[in-house]
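Novice: Take a look at the following structure, please.
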Amino acid sequence: MSEKQGPIKGIKDKISQLWNQYPNWGKIPQFLELLEKGLDKELFVDPNKKQEPIPLEDLPVDEVLRKSGFIRNLYESLFPVSHVFRMTYRYNREFLDNFMPLSTDGYIGRGSYKFVYKLPWNQVVKIGKSKLPSDAIFGSLFKEVGRDLSRFLKPEEIELRDFLKTQTFRDSKKDEIDFKFKRLGLERLHYWKLKSLIPDLVVPTRFFMGMRVRKNPFGIPNITLTPCDQQPLLAGKHLKEFTIRNEKLDQNPILDKFFPKWKLNFDSHRFGVISKSKLKKIAVDFNRVIEVTKYLAEEEKLIFDIHAENIIITLPDFELKIFDFHVFDDYLYEPSLENPTPEMDHIQIIEEFIKSFELD
């Protein structure tokens, strides 16, 4: 004889049934769900729709990127990157997705941590440079990523890492694979630190594990597994394009000769004709960046390492956007003579730029 079900038990079963039918009810979205939200739409490219390239003269000018040294440019011409794939794990093996072709003139230059290549559409792909674990970027946040990698990598990325490790018997190679996947998670965490605080100011970026293909002069491909990211290419001006080098800072004679430093004075009139209301909007957004910089320094002991080349004023919209930033542990920075705390060096640059607007 079956046991008689009471009314309370019947209500509980009904709630349980509804809960299982809609498993996402009441659940806090995961880190990666929030991070990836909207990227498919923001970075979508229709291959059947011809996209007019942004004219070179409208792109932000970064002298460090545009003027790579002779040896680097020669290397890029002899061993060009022909394409990049996004890698994941499907069908019980590595799976290549999202083919990104690169032409010989697609190399824009190099930053501190990445090589930058222009895609045939108005986007760039940034390929991680080889870095040693001793680099300052791999501080406390890198350890945080390593403690729970499932928060920062998708399940198929963890499956890909585990599969690749089974393909080698060398412990050093397994450690290298581990390191690269942790670095991918670290890049996402750095991005999220700012994206969660000032989402409208951060350039949409998708981080992924990539497979880069270089060709040697004989056409033989050289394949490298490396973290990558993809961003829209924006028309506008870097903050450093508004600088005026008219005041040299005193150092010792050797540094003055080989590594001169200049006081960053700004001339916002290089915008051209722009309304005061737009300047005020840019100033407000810069002050938001300042508040975020202070918050990270005071509450999390992290330095938001933003420089003039990480900031763009877009044209013709005159909007502030930031990209390719990292955050470092504050103990890795020495305060300058002018500022008691290291974050003030970054804040002072922004404040000097705002002053050049000559607003009330």
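Following the order of the structure tokens, first chain is A, next is B, and so on, with residues numbered from 1 inside each chain and ligands from 1 in the order they appear.
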Excluding same-chain residues fewer than 5 positions from Phe318 of chain A, what lies within 10 Å of it counting only C-alpha atoms, as number ranges by chain?
Specialist: A: 236-237, 271, 274, 278-279, 281-282, 312-313
Novice: Those residues you just picked out, can you put them in a file as an mmCIF file, in the first residue's frame with all heavy atoms?
Specialist:
```cif
data_model
loop_
_atom_site.group_PDB
_atom_site.id
_atom_site.type_symbol
_atom_site.label_atom_id
_atom_site.label_comp_id
_atom_site.auth_asym_id
_atom_site.auth_seq_id
_atom_site.Cartn_x
_atom_site.Cartn_y
_atom_site.Cartn_z
ATOM 1 N N GLY A 236 40.108 57.142 -33.637
ATOM 2 C CA GLY A 236 40.237 58.114 -32.555
ATOM 3 C C GLY A 236 41.677 58.513 -32.323
ATOM 4 O O GLY A 236 42.542 58.331 -33.184
ATOM 5 N N LYS A 237 41.930 59.052 -31.139
ATOM 6 C CA LYS A 237 43.274 59.511 -30.774
ATOM 7 C C LYS A 237 43.661 58.945 -29.417
ATOM 8 O O LYS A 237 42.865 58.927 -28.494
ATOM 9 C CB LYS A 237 43.315 61.048 -30.708
ATOM 10 C CG LYS A 237 43.211 61.744 -32.059
ATOM 11 C CD LYS A 237 43.329 63.258 -31.887
ATOM 12 C CE LYS A 237 43.261 63.965 -33.236
ATOM 13 N NZ LYS A 237 44.469 63.731 -34.039
ATOM 14 N N PHE A 271 41.995 68.324 -30.401
ATOM 15 C CA PHE A 271 40.712 67.713 -30.755
ATOM 16 C C PHE A 271 40.140 68.361 -32.011
ATOM 17 O O PHE A 271 39.367 67.757 -32.738
ATOM 18 C CB PHE A 271 39.678 67.940 -29.638
ATOM 19 C CG PHE A 271 39.739 66.936 -28.530
ATOM 20 C CD1 PHE A 271 39.911 67.341 -27.212
ATOM 21 C CD2 PHE A 271 39.589 65.582 -28.775
ATOM 22 C CE1 PHE A 271 39.925 66.441 -26.172
ATOM 23 C CE2 PHE A 271 39.610 64.665 -27.742
ATOM 24 C CZ PHE A 271 39.781 65.089 -26.440
ATOM 25 N N ILE A 274 35.326 71.289 -30.753
ATOM 26 C CA ILE A 274 34.516 70.364 -29.961
ATOM 27 C C ILE A 274 33.736 71.164 -28.934
ATOM 28 O O ILE A 274 34.256 72.127 -28.352
ATOM 29 C CB ILE A 274 35.397 69.292 -29.276
ATOM 30 C CG1 ILE A 274 34.540 68.372 -28.393
ATOM 31 C CG2 ILE A 274 36.528 69.903 -28.502
ATOM 32 C CD1 ILE A 274 35.307 67.191 -27.832
ATOM 33 N N LYS A 278 30.769 68.147 -24.595
ATOM 34 C CA LYS A 278 31.481 66.894 -24.842
ATOM 35 C C LYS A 278 32.759 66.828 -24.014
ATOM 36 O O LYS A 278 33.131 65.772 -23.500
ATOM 37 C CB LYS A 278 31.799 66.751 -26.332
ATOM 38 C CG LYS A 278 30.575 66.395 -27.172
ATOM 39 C CD LYS A 278 30.925 66.180 -28.629
ATOM 40 C CE LYS A 278 29.689 65.754 -29.419
ATOM 41 N NZ LYS A 278 29.976 65.594 -30.857
ATOM 42 N N LEU A 279 33.437 67.960 -23.879
ATOM 43 C CA LEU A 279 34.623 67.993 -23.021
ATOM 44 C C LEU A 279 34.268 67.671 -21.576
ATOM 45 O O LEU A 279 35.001 66.970 -20.878
ATOM 46 C CB LEU A 279 35.294 69.361 -23.101
ATOM 47 C CG LEU A 279 36.142 69.657 -24.342
ATOM 48 C CD1 LEU A 279 36.655 71.084 -24.293
ATOM 49 C CD2 LEU A 279 37.297 68.683 -24.474
ATOM 50 N N LYS A 281 31.778 65.803 -20.592
ATOM 51 C CA LYS A 281 31.483 64.363 -20.506
ATOM 52 C C LYS A 281 32.785 63.559 -20.417
ATOM 53 O O LYS A 281 32.906 62.619 -19.612
ATOM 54 C CB LYS A 281 30.695 63.937 -21.754
ATOM 55 C CG LYS A 281 30.499 62.429 -21.936
ATOM 56 C CD LYS A 281 29.623 61.841 -20.853
ATOM 57 C CE LYS A 281 29.140 60.432 -21.190
ATOM 58 N NZ LYS A 281 30.208 59.453 -21.376
ATOM 59 N N ILE A 282 33.788 63.935 -21.222
ATOM 60 C CA ILE A 282 35.081 63.252 -21.159
ATOM 61 C C ILE A 282 35.715 63.455 -19.782
ATOM 62 O O ILE A 282 36.262 62.516 -19.184
ATOM 63 C CB ILE A 282 36.024 63.771 -22.263
ATOM 64 C CG1 ILE A 282 35.464 63.414 -23.646
ATOM 65 C CG2 ILE A 282 37.426 63.176 -22.107
ATOM 66 C CD1 ILE A 282 36.205 64.075 -24.791
ATOM 67 N N ILE A 312 41.885 55.924 -25.301
ATOM 68 C CA ILE A 312 41.507 56.469 -26.609
ATOM 69 C C ILE A 312 40.317 57.407 -26.441
ATOM 70 O O ILE A 312 39.393 57.115 -25.684
ATOM 71 C CB ILE A 312 41.112 55.337 -27.584
ATOM 72 C CG1 ILE A 312 42.353 54.569 -28.061
ATOM 73 C CG2 ILE A 312 40.382 55.866 -28.794
ATOM 74 C CD1 ILE A 312 42.030 53.449 -29.012
ATOM 75 N N ILE A 313 40.378 58.536 -27.129
ATOM 76 C CA ILE A 313 39.205 59.383 -27.325
ATOM 77 C C ILE A 313 38.692 59.068 -28.730
ATOM 78 O O ILE A 313 39.379 59.328 -29.719
ATOM 79 C CB ILE A 313 39.540 60.885 -27.213
ATOM 80 C CG1 ILE A 313 40.301 61.184 -25.916
ATOM 81 C CG2 ILE A 313 38.269 61.719 -27.312
ATOM 82 C CD1 ILE A 313 39.536 60.935 -24.655
#
```
Novice: Select from segment 285-345 of chain A everything DSSP, run on the backbone, classes as strand (DSSP E), then give the selection as an MDAnalysis selection string.
Specialist: chainID A and resid 302:305 311:314 320:322 326:329
Novice: Using only C-alpha atoms, which of A:Val213, A:Leu359, A:Leu315, A:Ile349 sits nearest Thr243 of chain A?
Specialist: A:Ile349
Novice: Nearest to Gln231 of chain A among A:Leu102, A:Leu189, A:Leu119, A:Leu34, with distances taken over only C-alpha atoms: which residue is it?
Specialist: A:Leu119
Novice: What does the distance from atom CA of Ile54 of chain A to atom CA of Phe99 of chain A come to in Å, to one decimal?
Specialist: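 Here the two named atoms are 21.4 Å from each other.
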Novice: Hey, which of A:Leu74, A:Thr166, A:Gly185, A:Asn310 ends up closest to Phe138 of chain A? Count only C-alpha atoms.
Specialist: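 For Phe138 of chain A, the nearest of the candidates is A:Gly185.
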Novice: Could you tell me which of A:Ile177, A:Glu343, A:Gln123, A:Ile322 comes closest to Gln51 of chain A if we count only C-alpha atoms?
Specialist: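 Counting only C-alpha atoms, the residue closest to Gln51 of chain A is A:Gln123.
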Novice: Could you check how far atom CA of Leu184 of chain A sits from atom CA of Gly111 of chain A, in Å to one decimal?
Specialist: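 Between atom CA of Leu184 of chain A and atom CA of Gly111 of chain A the gap works out to 16.9 Å.
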